[in-house]
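Have a look at input_6.cif; it's mmCIF, C-alpha atoms:
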```cif
data_model
#
loop_
_atom_site.group_PDB
_atom_site.id
_atom_site.type_symbol
_atom_site.label_atom_id
_atom_site.label_comp_id
_atom_site.auth_asym_id
_atom_site.auth_seq_id
_atom_site.Cartn_x
_atom_site.Cartn_y
_atom_site.Cartn_z
ATOM 1 C CA MET E 26 31.923 0.723 -0.675
ATOM 2 C CA SER E 27 32.148 -1.090 -3.999
ATOM 3 C CA ASP E 28 32.167 0.817 -7.267
ATOM 4 C CA PRO E 29 28.843 1.063 -9.130
ATOM 5 C CA ILE E 30 28.249 -1.301 -12.026
ATOM 6 C CA ARG E 31 28.303 0.597 -15.312
ATOM 7 C CA ILE E 32 27.822 -0.152 -18.958
ATOM 8 C CA LEU E 33 31.153 1.020 -20.310
ATOM 9 C CA GLN E 34 30.583 0.397 -23.997
ATOM 10 C CA ILE E 35 27.901 -0.752 -26.434
ATOM 11 C CA ARG E 36 28.985 -1.941 -29.856
ATOM 12 C CA GLN E 37 26.694 -3.287 -32.553
ATOM 13 C CA PHE E 38 27.704 -6.167 -34.823
ATOM 14 C CA GLY E 39 24.951 -7.260 -37.185
ATOM 15 C CA VAL E 40 21.767 -7.870 -35.230
ATOM 16 C CA ARG E 41 23.525 -8.153 -31.880
ATOM 17 C CA TYR E 42 24.876 -5.636 -29.404
ATOM 18 C CA TRP E 43 27.966 -6.339 -27.324
ATOM 19 C CA LEU E 44 27.938 -4.767 -23.877
ATOM 20 C CA THR E 45 31.132 -4.151 -21.942
ATOM 21 C CA ILE E 46 30.145 -3.946 -18.288
ATOM 22 C CA SER E 47 32.401 -3.068 -15.377
ATOM 23 C CA GLY E 48 33.256 -6.066 -13.232
ATOM 24 C CA LEU E 49 32.700 -8.576 -16.049
ATOM 25 C CA GLU E 50 35.680 -10.172 -17.758
ATOM 26 C CA LYS E 51 34.016 -10.474 -21.160
ATOM 27 C CA PRO E 52 31.388 -8.469 -23.077
ATOM 28 C CA ILE E 53 27.924 -10.004 -23.270
ATOM 29 C CA ALA E 54 25.812 -10.234 -26.422
ATOM 30 C CA VAL E 55 22.183 -9.106 -26.399
ATOM 31 C CA GLY E 56 19.531 -8.449 -29.017
ATOM 32 C CA GLU E 57 18.088 -5.091 -29.965
ATOM 33 C CA GLU E 58 14.835 -5.896 -28.161
ATOM 34 C CA LEU E 59 16.714 -6.137 -24.865
ATOM 35 C CA VAL E 60 18.568 -2.884 -25.499
ATOM 36 C CA GLN E 61 15.317 -1.069 -26.226
ATOM 37 C CA ARG E 62 13.360 -2.617 -23.375
ATOM 38 C CA TYR E 63 15.904 -1.687 -20.705
ATOM 39 C CA ARG E 64 16.970 1.516 -22.462
ATOM 40 C CA LEU E 65 20.588 0.501 -22.272
ATOM 41 C CA LYS E 66 23.137 3.226 -22.928
ATOM 42 C CA GLU E 67 26.818 3.700 -22.347
ATOM 43 C CA GLY E 68 27.599 5.132 -18.925
ATOM 44 C CA ILE E 69 24.400 4.135 -17.138
ATOM 45 C CA VAL E 70 24.566 2.420 -13.757
ATOM 46 C CA VAL E 71 22.819 -0.929 -13.246
ATOM 47 C CA THR E 72 22.063 -2.623 -9.952
ATOM 48 C CA GLU E 73 23.186 -6.159 -9.155
ATOM 49 C CA PRO E 74 19.631 -7.553 -9.577
ATOM 50 C CA GLN E 75 19.348 -5.743 -12.908
ATOM 51 C CA LEU E 76 22.692 -7.164 -14.014
ATOM 52 C CA ALA E 77 21.641 -10.679 -12.987
ATOM 53 C CA GLN E 78 18.430 -10.318 -14.989
ATOM 54 C CA LEU E 79 20.339 -8.967 -17.966
ATOM 55 C CA LEU E 80 22.819 -11.840 -17.871
ATOM 56 C CA ALA E 81 20.022 -14.400 -17.596
ATOM 57 C CA GLU E 82 18.120 -12.958 -20.560
ATOM 58 C CA ALA E 83 21.291 -12.602 -22.606
ATOM 59 C CA GLU E 84 22.148 -16.262 -21.998
ATOM 60 C CA LEU E 85 18.616 -17.363 -22.857
ATOM 61 C CA ALA E 86 18.752 -15.467 -26.142
ATOM 62 C CA GLU E 87 22.166 -16.945 -26.956
ATOM 63 C CA CYS E 88 20.883 -20.441 -26.103
ATOM 64 C CA ASP E 89 17.930 -19.821 -28.430
ATOM 65 C CA ARG E 90 20.241 -18.758 -31.270
ATOM 66 C CA GLU E 91 22.474 -21.806 -30.808
ATOM 67 C CA THR E 92 19.454 -24.118 -30.756
ATOM 68 C CA ALA E 93 18.109 -22.588 -33.968
ATOM 69 C CA ARG E 94 21.532 -22.976 -35.590
ATOM 70 C CA LEU E 95 21.813 -26.651 -34.636
ATOM 71 C CA LEU E 96 18.298 -27.483 -35.810
ATOM 72 C CA ALA E 97 18.867 -25.641 -39.079
ATOM 73 C CA MET E 98 21.773 -28.002 -39.787
ATOM 74 C CA ARG E 99 19.757 -31.177 -39.104
ATOM 75 C CA ASP E 100 17.114 -32.668 -36.823
ATOM 76 C CA HIS E 101 18.137 -33.601 -33.282
ATOM 77 C CA SER E 102 16.607 -35.662 -30.528
ATOM 78 C CA ILE E 103 15.897 -33.722 -27.349
ATOM 79 C CA GLY E 104 18.622 -35.605 -25.479
ATOM 80 C CA GLU E 105 21.180 -34.987 -28.187
ATOM 81 C CA LEU E 106 20.335 -31.292 -28.333
ATOM 82 C CA LYS E 107 20.527 -30.950 -24.543
ATOM 83 C CA LEU E 108 23.971 -32.548 -24.526
ATOM 84 C CA LYS E 109 25.282 -30.112 -27.129
ATOM 85 C CA LEU E 110 23.881 -27.129 -25.239
ATOM 86 C CA VAL E 111 25.439 -28.364 -21.988
ATOM 87 C CA ARG E 112 28.782 -28.579 -23.769
ATOM 88 C CA LYS E 113 28.307 -24.939 -24.768
ATOM 89 C CA GLN E 114 28.023 -24.239 -21.021
ATOM 90 C CA PHE E 115 24.483 -22.897 -21.000
ATOM 91 C CA SER E 116 22.738 -23.143 -17.652
ATOM 92 C CA ARG E 117 20.271 -25.910 -16.956
ATOM 93 C CA LYS E 118 17.492 -23.361 -16.539
ATOM 94 C CA SER E 119 18.116 -21.781 -19.948
ATOM 95 C CA ILE E 120 18.318 -25.162 -21.662
ATOM 96 C CA GLN E 121 15.076 -26.384 -20.108
ATOM 97 C CA GLU E 122 13.240 -23.203 -21.091
ATOM 98 C CA ILE E 123 14.478 -23.271 -24.674
ATOM 99 C CA ILE E 124 13.720 -27.000 -25.061
ATOM 100 C CA LYS E 125 10.191 -26.397 -23.789
ATOM 101 C CA ARG E 126 9.795 -23.458 -26.167
ATOM 102 C CA TYR E 127 10.836 -25.481 -29.209
ATOM 103 C CA GLU E 128 8.700 -28.454 -28.185
ATOM 104 C CA SER E 129 5.630 -26.225 -27.936
ATOM 105 C CA ARG E 130 6.296 -24.991 -31.486
ATOM 106 C CA GLY E 131 6.527 -28.543 -32.776
ATOM 107 C CA LEU E 132 10.179 -28.058 -33.720
ATOM 108 C CA LEU E 133 11.374 -30.739 -31.300
ATOM 109 C CA ASP E 134 9.524 -34.059 -31.306
ATOM 110 C CA ASP E 135 11.355 -37.245 -30.331
ATOM 111 C CA SER E 136 8.650 -39.524 -31.750
ATOM 112 C CA HIS E 137 8.838 -37.861 -35.151
ATOM 113 C CA TYR E 138 12.638 -37.735 -35.012
ATOM 114 C CA ALA E 139 12.983 -41.405 -34.043
ATOM 115 C CA HIS E 140 10.610 -42.557 -36.768
ATOM 116 C CA ASN E 141 12.422 -40.611 -39.490
ATOM 117 C CA LEU E 142 15.842 -41.762 -38.277
ATOM 118 C CA ALA E 143 14.746 -45.401 -38.195
ATOM 119 C CA ARG E 144 13.325 -45.169 -41.705
ATOM 120 C CA ARG E 145 16.502 -43.610 -43.075
ATOM 121 C CA ALA E 146 18.658 -46.201 -41.316
ATOM 122 C CA LEU E 147 16.686 -49.072 -42.843
ATOM 123 C CA GLU E 148 16.790 -47.531 -46.300
ATOM 124 C CA LYS E 149 20.541 -47.011 -46.089
ATOM 125 C CA ASN E 150 21.285 -50.526 -44.841
ATOM 126 C CA PRO E 151 18.594 -52.877 -43.489
ATOM 127 C CA SER E 152 19.141 -54.228 -39.995
ATOM 128 C CA GLY E 153 17.415 -56.145 -37.227
ATOM 129 C CA ARG E 154 15.530 -54.823 -34.222
ATOM 130 C CA THR E 155 18.405 -54.762 -31.732
ATOM 131 C CA PHE E 156 20.670 -52.852 -34.106
ATOM 132 C CA LEU E 157 17.923 -50.368 -34.935
ATOM 133 C CA VAL E 158 17.161 -49.783 -31.250
ATOM 134 C CA ALA E 159 20.869 -49.249 -30.564
ATOM 135 C CA THR E 160 21.039 -46.737 -33.426
ATOM 136 C CA LEU E 161 18.224 -44.701 -31.900
ATOM 137 C CA VAL E 162 19.575 -44.910 -28.344
ATOM 138 C CA LYS E 163 22.961 -43.731 -29.617
ATOM 139 C CA LYS E 164 21.194 -40.560 -30.724
ATOM 140 C CA HIS E 165 19.876 -40.158 -27.155
ATOM 141 C CA VAL E 166 16.349 -41.333 -27.892
ATOM 142 C CA ASN E 167 14.679 -42.829 -24.807
ATOM 143 C CA ARG E 168 15.052 -46.634 -24.895
ATOM 144 C CA GLN E 169 11.340 -47.312 -24.532
ATOM 145 C CA LEU E 170 10.566 -44.965 -27.423
ATOM 146 C CA ALA E 171 13.413 -46.520 -29.430
ATOM 147 C CA GLU E 172 11.969 -50.004 -28.941
ATOM 148 C CA GLU E 173 8.439 -48.881 -29.795
ATOM 149 C CA THR E 174 9.699 -47.104 -32.917
ATOM 150 C CA ALA E 175 11.725 -50.103 -34.066
ATOM 151 C CA ASP E 176 8.699 -52.375 -33.634
ATOM 152 C CA MET E 177 6.523 -49.969 -35.588
ATOM 153 C CA VAL E 178 8.978 -49.517 -38.452
ATOM 154 C CA LEU E 179 9.743 -53.221 -38.714
ATOM 155 C CA ALA E 180 6.113 -54.345 -38.398
ATOM 156 C CA GLY E 181 5.206 -56.754 -41.184
ATOM 157 C CA THR E 182 8.788 -56.957 -42.442
ATOM 158 C CA ASP E 183 10.308 -60.411 -42.863
ATOM 159 C CA GLU E 184 13.717 -60.717 -41.200
ATOM 160 C CA VAL E 185 15.113 -62.835 -44.011
ATOM 161 C CA THR E 186 14.139 -60.129 -46.503
ATOM 162 C CA LEU E 187 16.021 -57.588 -44.394
ATOM 163 C CA ALA E 188 19.022 -59.903 -44.179
ATOM 164 C CA VAL E 189 19.092 -60.452 -47.947
ATOM 165 C CA ALA E 190 18.863 -56.714 -48.650
ATOM 166 C CA SER E 191 21.685 -55.990 -46.199
ATOM 167 C CA LEU E 192 23.926 -58.828 -47.366
ATOM 168 C CA ARG E 193 23.424 -58.013 -51.023
ATOM 169 C CA LYS E 194 25.354 -54.770 -50.482
ATOM 170 C CA ARG E 195 28.438 -56.828 -49.583
ATOM 171 C CA TRP E 196 27.901 -59.758 -51.898
ATOM 172 C CA ARG E 197 30.393 -58.642 -54.557
ATOM 173 C CA THR E 198 33.174 -58.876 -51.967
ATOM 174 C CA LEU E 199 31.920 -62.071 -50.329
ATOM 175 C CA ARG E 200 31.567 -63.977 -53.595
ATOM 176 C CA GLN E 201 35.312 -63.711 -54.164
ATOM 177 C CA LEU E 202 36.091 -65.636 -50.953
ATOM 178 C CA GLU E 203 36.145 -69.321 -50.209
ATOM 179 C CA LEU E 204 32.645 -70.587 -49.441
ATOM 180 C CA GLU E 205 33.095 -71.207 -45.715
ATOM 181 C CA THR E 206 35.024 -67.963 -45.240
ATOM 182 C CA ALA E 207 32.290 -66.046 -47.030
ATOM 183 C CA ARG E 208 29.633 -67.781 -44.973
ATOM 184 C CA THR E 209 31.379 -66.987 -41.676
ATOM 185 C CA ARG E 210 31.895 -63.348 -42.582
ATOM 186 C CA ALA E 211 28.299 -63.004 -43.733
ATOM 187 C CA TYR E 212 26.944 -64.468 -40.500
ATOM 188 C CA THR E 213 29.228 -62.235 -38.431
ATOM 189 C CA TYR E 214 28.286 -59.118 -40.359
ATOM 190 C CA LEU E 215 24.559 -59.749 -40.156
ATOM 191 C CA GLY E 216 24.831 -60.713 -36.496
ATOM 192 C CA ARG E 217 26.365 -57.331 -35.746
ATOM 193 C CA ARG E 218 23.409 -55.714 -37.484
ATOM 194 C CA GLY E 219 20.946 -57.469 -35.206
ATOM 195 C CA ILE E 220 19.970 -60.248 -37.612
ATOM 196 C CA SER E 221 19.350 -63.686 -36.104
ATOM 197 C CA TYR E 222 21.502 -66.672 -37.061
ATOM 198 C CA GLU E 223 18.568 -68.407 -38.729
ATOM 199 C CA ALA E 224 17.758 -65.392 -40.905
ATOM 200 C CA ALA E 225 21.435 -64.861 -41.723
ATOM 201 C CA ARG E 226 21.796 -68.478 -42.824
ATOM 202 C CA ALA E 227 18.656 -68.307 -44.955
ATOM 203 C CA ALA E 228 19.797 -65.055 -46.572
ATOM 204 C CA PHE E 229 23.244 -66.407 -47.383
ATOM 205 C CA GLU E 230 21.859 -69.586 -48.900
ATOM 206 C CA GLN E 231 19.339 -67.614 -50.947
ATOM 207 C CA LEU E 232 21.972 -65.324 -52.463
ATOM 208 C CA TYR E 233 24.399 -68.196 -52.969
ATOM 209 C CA ASP E 234 21.771 -70.285 -54.750
ATOM 210 C CA GLN E 235 20.733 -67.368 -56.938
ATOM 211 C CA GLU E 236 24.318 -66.816 -58.057
ATOM 212 C CA ASN E 237 24.828 -70.484 -58.827
ATOM 213 C CA GLU E 238 21.636 -70.565 -60.855
ATOM 214 C CA VAL E 239 22.911 -67.635 -62.944
ATOM 215 C CA GLU E 240 26.284 -69.310 -63.461
ATOM 216 C CA ASP E 241 24.686 -72.633 -64.400
ATOM 217 C CA TYR E 242 22.455 -70.901 -66.859
#
```
Translate the structure described by the file into structure tokens.
Amino acid sequence: MSDPIRILQIRQFGVRYWLTISGLEKPIAVGEELVQRYRLKEGIVVTEPQLAQLLAEAELAECDRETARLLAMRDHSIGELKLKLVRKQFSRKSIQEIIKRYESRGLLDDSHYAHNLARRALEKNPSGRTFLVATLVKKHVNRQLAEETADMVLAGTDEVTLAVASLRKRWRTLRQLELETARTRAYTYLGRRGISYEAARAAFEQLYDQENEVEDY
């Protein structure tokens, strides 16, 4: 006959209680609400179903705390948040429940997240559609949503204007190079940022002409 499962020790640290339970290698952390609800005390015996329920609720609460901590640092896409919680070794069930909980509160919204991220990315350094979509997908935004968001954010924006704004940030360095070297590097740089060859060429010529006009003046 196996020994009964007992709560050997309860220690409080801040708002959490750490329970040392016989048969478990490590103490588990629970909130005061759980302690009060189950009337947990040192020395009491718990059944295996009760222990399983306690472990599940303790993990859910810990998953909730970790989610709140991550979102307090910065916004996350749902996919990105899930990946981080998986790495913390929370169960799939806990992760799904917490994600659903935060979505229902409006604290997780991929559409809102993708739109804000795309806006910030364009303000920091303008880019073309493919680069913007890749930026969103890298943050684990669904590709279809990423494409729809990029189209929305870029709607009505001229690609040459984007190319000029992006290239202007590097113009001080490019202007010191030989013309053809500067041209090649500009086209390569803009191409990597999802700008078409035609727009890259137009942007380079526009900035080059503007500089020459200033020098001639």
Subject >> For CA of Leu202 in chain E and CA of Leu187 in chain E, the interatomic separation in Å (one decimal) >> reply: 22.6 Å
For range 28-120 of chain E versus range 167-178 of chain E, which residues have an atom no more than 12 Å away, and what is each residue's nearest atom pair and distance in Å rounded to one decimal, using all atoms listed in the file, chain-then-number order, as a tab-separated table?
```
residue	atom	partner	partner_atom	distance
E:Ser102	CA	E:Asn167	CA	9.4
E:Ile103	CA	E:Asn167	CA	9.5
E:Gly104	CA	E:Asn167	CA	8.3
E:Glu105	CA	E:Asn167	CA	10.7
```
Grab the residues selected above and save them as an mmCIF file, in the frame of the given file with C-alpha atoms.
```
data_model
loop_
_atom_site.group_PDB
_atom_site.id
_atom_site.type_symbol
_atom_site.label_atom_id
_atom_site.label_comp_id
_atom_site.auth_asym_id
_atom_site.auth_seq_id
_atom_site.Cartn_x
_atom_site.Cartn_y
_atom_site.Cartn_z
ATOM 1 C CA SER E 102 16.607 -35.662 -30.528
ATOM 2 C CA ILE E 103 15.897 -33.722 -27.349
ATOM 3 C CA GLY E 104 18.622 -35.605 -25.479
ATOM 4 C CA GLU E 105 21.180 -34.987 -28.187
#
```
Assuming 6 Å of padding per side, give the centre and edge lengths of the axis-aligned box around every listed atom of range 38-56 of chain E, in Å to one decimal and as lines of an AutoDock Vina configuration file.
```
center_x = 27.6
center_y = -6.8
center_z = -25.2
size_x = 28.1
size_y = 19.4
size_z = 36.0
```
**OP:** Return the single residue from E:Ile46, E:Ser27, E:Asn237, E:Ala81 that is closest to Lys118 in chain E, with distances computed using only C-alpha atoms.
**Re:**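 Of E:Ile46, E:Ser27, E:Asn237, E:Ala81, the one nearest Lys118 in chain E, counting only C-alpha atoms, is E:Ala81.
CA of Phe156 in chain E to CA of Arg217 in chain E spans 7.4 Å [interatomic distance, one decimal].
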Original post:
If you count all atoms listed in the file, which residues fall within 12 Å of Leu95 in chain E, apart from same-chain ones fewer than 2 positions away, as a list of chain:residue names?
Top reply: E:Cys88, E:Asp89, E:Arg90, E:Glu91, E:Thr92, E:Ala93, E:Ala97, E:Met98, E:Arg99, E:Asp100, E:His101, E:Ser102, E:Ile103, E:Glu105, E:Leu106, E:Lys107, E:Leu108, E:Lys109, E:Leu110, E:Lys113, E:Leu132, E:Leu133
Original post:
Which one of E:Lys66, E:Thr72, E:Gln61, E:Arg218 sits closest to Gln34 in chain E if you count all atoms listed in the file?
Top reply: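 Among the listed residues, the smallest separation from Gln34 in chain E belongs to E:Lys66.
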Subject >> Residue nearest Ser191 in chain E among E:Glu128, E:Glu203, E:Glu230, E:Glu148 (counting only C-alpha atoms) >> reply: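 Ranking E:Glu128, E:Glu203, E:Glu230, E:Glu148 by distance to Ser191 in chain E, first place goes to E:Glu148.
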